[in-house]
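I have placed the structure first, in the form of C-alpha cells, so that the comments after it can refer back to it.
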Amino acid sequence: VLPHALPSIVTGMRLGVGRAIIAMAVAELFTALSGLGGLLLKRSEDYDTAGMFVPAFVFMAMGIAASYGLAWAERRMAPWHRAISDNLDVFASLSVARYRYDGVYLNGTATESNTRNIDTAESRSSDGELRLANTALPGHKIIAGMEYLRDGTRKMANYDVDPYALYITVDRPKRQAAVYLQDEMRLGQSVILDTGVRHDYDSEGGATTTPRVALLYKMARQVTLKALYGTAFRSANAYERYYAFDHKQTPALRSEHIRTYELIAEYFPTDRFR
C-alpha cells in the first residue's frame, strides 16, 4: 500500500509545508518576542523596511527549500512517478501480495470428546497499473489508464483432524483487467464538467462498463453546487462463490451493480471548515 500511495503522500506534504510555514509566521507575529516573526514585527514597528525583507526572504527560502526537498525525496522514493513534460504525467506501479489465514476450532459437546477442525485460506496475487494524465488540450485534463490483477492462488480448505473428514478444498485462480478514461472540462471560470468511463473484465464475473458524470458550478467563493451521476459494481469474492457446507456452491454468482444520483451544495465558511 505504502509504495503505491507515496506520490499522493508527498504531494500532500508539499501542500502542507507551505501552510505550516505560514501558520508558524502568523503565530510568531502575534505571540513571539523572538524568532523570525518577532524580528519581522520589531522591524515593522521601527519602520525599518529593508530589515523587514530579511525574515520575509528567510520564510520564502524555507518554503522553496522544503518544496524542492520533498520533490527530490519523491524522485528518490517513487522513481516510477514522473512528469514526462509540462503537459504529460505518467504513473506506473507493480505490486505483489500474499495472505494466509489459519483457524483451529473445537467441535463437540460437554459429554463428547472435542474434534479439532482446521479452517485455512491462502491468496497470492500480483497487479500492475499504468496511468497517463495530459493537459495539452486547453480547458481539458484527460486521464487514461489500465490495470491488471492476477490472483494466481486462491485456496480454501476445511477439515476435521481426528477422525479425518474433508469438507471443503478449493483453489480457483482469477484474472481481472480494466481500462478507463476521464476528461475534466472547464466550461468557463465557474463550471467544470467531469466525465469518465471504465470497462472491467473479470474472469469469473464477466465484463462490466461503468460511466460517471459530474457537473460542478462554483456559485460564489464559498459555495459550490454539484450534480453527480455514477455507476459501480462489485464482483463476488471466493468465499461467496465457493465456501459452502450445507448448500450448493454458486460459481456463477453475478456481480452486484449500483446506480447513484446526487445533488450536493457545499458551503465553506473558512478554508478549513465546510
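Each chain in the C-alpha cells gets a letter, A, B and so on, in the order shown; residues start at 1 in every chain, and ligands are counted from 1 in the order they appear.
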- Task: Assign secondary structure with DSSP using the backbone only, and return the residues of region 148-244 of chain A in strand (DSSP E) as number ranges by chain.
- Result: A: 148-160, 165-171, 174-186, 191-202, 206-220, 223-234
- Who sits within 8 Å of region 128-135 of chain A, only C-alpha atoms, same chain under 4 positions skipped, as a PyMOL selection string: chain A and resi 87-95+139-149
Deliver the residues from the most recent selection as a file, using N, CA and C atoms, as an mmCIF file, in the first residue's frame.
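Once written, again-v3.cif looks like this:
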```cif
data_model
loop_
_atom_site.group_PDB
_atom_site.id
_atom_site.type_symbol
_atom_site.label_atom_id
_atom_site.label_comp_id
_atom_site.auth_asym_id
_atom_site.auth_seq_id
_atom_site.Cartn_x
_atom_site.Cartn_y
_atom_site.Cartn_z
ATOM 1 N N ASN A 87 3.005 18.971 -19.782
ATOM 2 C CA ASN A 87 1.606 18.617 -20.046
ATOM 3 C C ASN A 87 1.300 17.130 -19.873
ATOM 4 N N LEU A 88 2.325 16.328 -19.615
ATOM 5 C CA LEU A 88 2.109 14.885 -19.553
ATOM 6 C C LEU A 88 2.733 14.305 -18.298
ATOM 7 N N ASP A 89 1.918 13.584 -17.535
ATOM 8 C CA ASP A 89 2.378 12.932 -16.315
ATOM 9 C C ASP A 89 2.094 11.436 -16.437
ATOM 10 N N VAL A 90 3.071 10.613 -16.088
ATOM 11 C CA VAL A 90 2.948 9.156 -16.217
ATOM 12 C C VAL A 90 3.141 8.521 -14.845
ATOM 13 N N PHE A 91 2.253 7.591 -14.519
ATOM 14 C CA PHE A 91 2.363 6.842 -13.266
ATOM 15 C C PHE A 91 2.294 5.346 -13.592
ATOM 16 N N ALA A 92 3.208 4.571 -13.034
ATOM 17 C CA ALA A 92 3.220 3.117 -13.227
ATOM 18 C C ALA A 92 3.525 2.448 -11.898
ATOM 19 N N SER A 93 2.890 1.323 -11.645
ATOM 20 C CA SER A 93 3.135 0.610 -10.384
ATOM 21 C C SER A 93 3.007 -0.884 -10.601
ATOM 22 N N LEU A 94 3.790 -1.635 -9.832
ATOM 23 C CA LEU A 94 3.721 -3.089 -9.785
ATOM 24 C C LEU A 94 3.752 -3.502 -8.311
ATOM 25 N N SER A 95 2.983 -4.495 -7.945
ATOM 26 C CA SER A 95 2.975 -4.947 -6.554
ATOM 27 C C SER A 95 2.612 -6.424 -6.487
ATOM 28 N N GLY A 139 -8.229 23.742 -21.487
ATOM 29 C CA GLY A 139 -9.505 23.538 -20.819
ATOM 30 C C GLY A 139 -9.829 22.099 -20.503
ATOM 31 N N HIS A 140 -8.897 21.183 -20.765
ATOM 32 C CA HIS A 140 -9.155 19.761 -20.534
ATOM 33 C C HIS A 140 -8.011 19.149 -19.724
ATOM 34 N N LYS A 141 -8.375 18.244 -18.839
ATOM 35 C CA LYS A 141 -7.402 17.363 -18.194
ATOM 36 C C LYS A 141 -7.867 15.937 -18.456
ATOM 37 N N ILE A 142 -7.138 15.241 -19.307
ATOM 38 C CA ILE A 142 -7.532 13.901 -19.741
ATOM 39 C C ILE A 142 -6.675 12.862 -19.020
ATOM 40 N N ILE A 143 -7.339 11.901 -18.414
ATOM 41 C CA ILE A 143 -6.662 10.825 -17.694
ATOM 42 C C ILE A 143 -7.068 9.501 -18.323
ATOM 43 N N ALA A 144 -6.085 8.691 -18.663
ATOM 44 C CA ALA A 144 -6.341 7.374 -19.239
ATOM 45 C C ALA A 144 -5.433 6.365 -18.552
ATOM 46 N N GLY A 145 -5.939 5.152 -18.385
ATOM 47 C CA GLY A 145 -5.122 4.164 -17.709
ATOM 48 C C GLY A 145 -5.625 2.756 -17.884
ATOM 49 N N MET A 146 -4.834 1.816 -17.405
ATOM 50 C CA MET A 146 -5.187 0.405 -17.450
ATOM 51 C C MET A 146 -4.666 -0.291 -16.204
ATOM 52 N N GLU A 147 -5.350 -1.344 -15.788
ATOM 53 C CA GLU A 147 -4.980 -2.118 -14.611
ATOM 54 C C GLU A 147 -5.073 -3.608 -14.939
ATOM 55 N N TYR A 148 -4.233 -4.374 -14.259
ATOM 56 C CA TYR A 148 -4.286 -5.827 -14.415
ATOM 57 C C TYR A 148 -3.998 -6.472 -13.064
ATOM 58 N N LEU A 149 -4.808 -7.450 -12.697
ATOM 59 C CA LEU A 149 -4.642 -8.164 -11.431
ATOM 60 C C LEU A 149 -4.736 -9.664 -11.700
#
```
- How many Å lie between CA of Met13 (chain A) and CA of Pro269 (chain A), rounded to one decimal? 24.2 Å
- Task: Quick one: everything within 8 Å of Tyr261 (chain A), counting only C-alpha atoms, minus sequence neighbours fewer than 6 positions away in the same chain. Send it as a ChimeraX atom specification.
- Result: /A:227-230
- Message: as an MDAnalysis selection string, please: every residue in region 36-268 of chain A that DSSP puts in alpha helix (DSSP H).
- Response: chainID A and resid 36:45 49:77 238:242
- Task: Record the distance separating CA of Leu216 (chain A) and CA of Val17 (chain A), expressed in Å with one decimal.
- Result: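 CA of Leu216 (chain A) sits 28.5 Å away from CA of Val17 (chain A).
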- Message: Just checking: using only C-alpha atoms, which residue out of A:Gln182, A:Ala238, A:Arg76, A:Leu166 ends up closest to Thr153 (chain A)?
- Response: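 Once distances to Thr153 (chain A) are computed over only C-alpha atoms, the minimum belongs to A:Ala238.
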- Task: Would you mind listing what lies within 9 Å of Ala71 (chain A) as a PyMOL selection string, with only C-alpha atoms counted and same-chain residues fewer than 4 positions away left out?
- Result: chain A and resi 10-11+14+66-67+75-76
Please build the interface table for region 114-230 of chain A against region 239-245 of chain A with a cut-off of 9 Å, listing for each qualifying residue the nearest atom pair and the distance in Å to one decimal; count only C-alpha atoms, order rows by chain and increasing number, and write it as CSV.
```
residue,atom,partner,partner_atom,distance
A:Met156,CA,A:Tyr243,CA,7.6
A:Ala157,CA,A:Tyr243,CA,8.7
A:Tyr167,CA,A:Phe245,CA,6.9
A:Ile168,CA,A:Tyr243,CA,7.3
A:Thr169,CA,A:Tyr243,CA,8.9
A:Val170,CA,A:Tyr242,CA,7.2
A:Arg172,CA,A:Tyr242,CA,8.8
```
Mind dumping the selected residues with C-alpha atoms as a compact mmCIF listing (two decimals), in the first residue's frame?
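Output (result-v1.txt):
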```
# COMPACT_ATOMS: atom_id res chain seq x y z
CA MET A 156 -9.65 -22.55 0.85
CA ALA A 157 -9.90 -25.74 2.90
CA TYR A 167 -15.48 -30.66 3.95
CA ILE A 168 -14.02 -28.13 1.51
CA THR A 169 -10.96 -27.91 -0.71
CA VAL A 170 -10.88 -25.18 -3.35
CA ARG A 172 -9.66 -21.07 -8.02
```
Do you know which residues are at most 6 Å from Ser125 (chain A) counting only C-alpha atoms, after dropping those on the same chain fewer than 5 positions away, and could you put them as a CSV table (one decimal) with N, CA and C atoms, in the first residue's frame?
```csv
chain,number,residue,atom,x,y,z
A,96,VAL,N,3.1,-7.1,-5.4
A,96,VAL,CA,2.7,-8.4,-5.1
A,96,VAL,C,2.2,-8.5,-3.7
A,97,ALA,N,1.3,-9.5,-3.4
A,97,ALA,CA,0.8,-9.6,-2.1
A,97,ALA,C,0.5,-11.1,-1.8
A,150,ARG,N,-3.8,-10.4,-11.2
A,150,ARG,CA,-3.8,-11.9,-11.3
A,150,ARG,C,-3.7,-12.5,-9.9
A,151,ASP,N,-4.8,-13.2,-9.5
A,151,ASP,CA,-4.8,-14.0,-8.3
A,151,ASP,C,-4.3,-15.4,-8.7
A,152,GLY,N,-3.0,-15.7,-8.6
A,152,GLY,CA,-2.5,-17.0,-9.0
A,152,GLY,C,-2.9,-18.1,-8.1
```
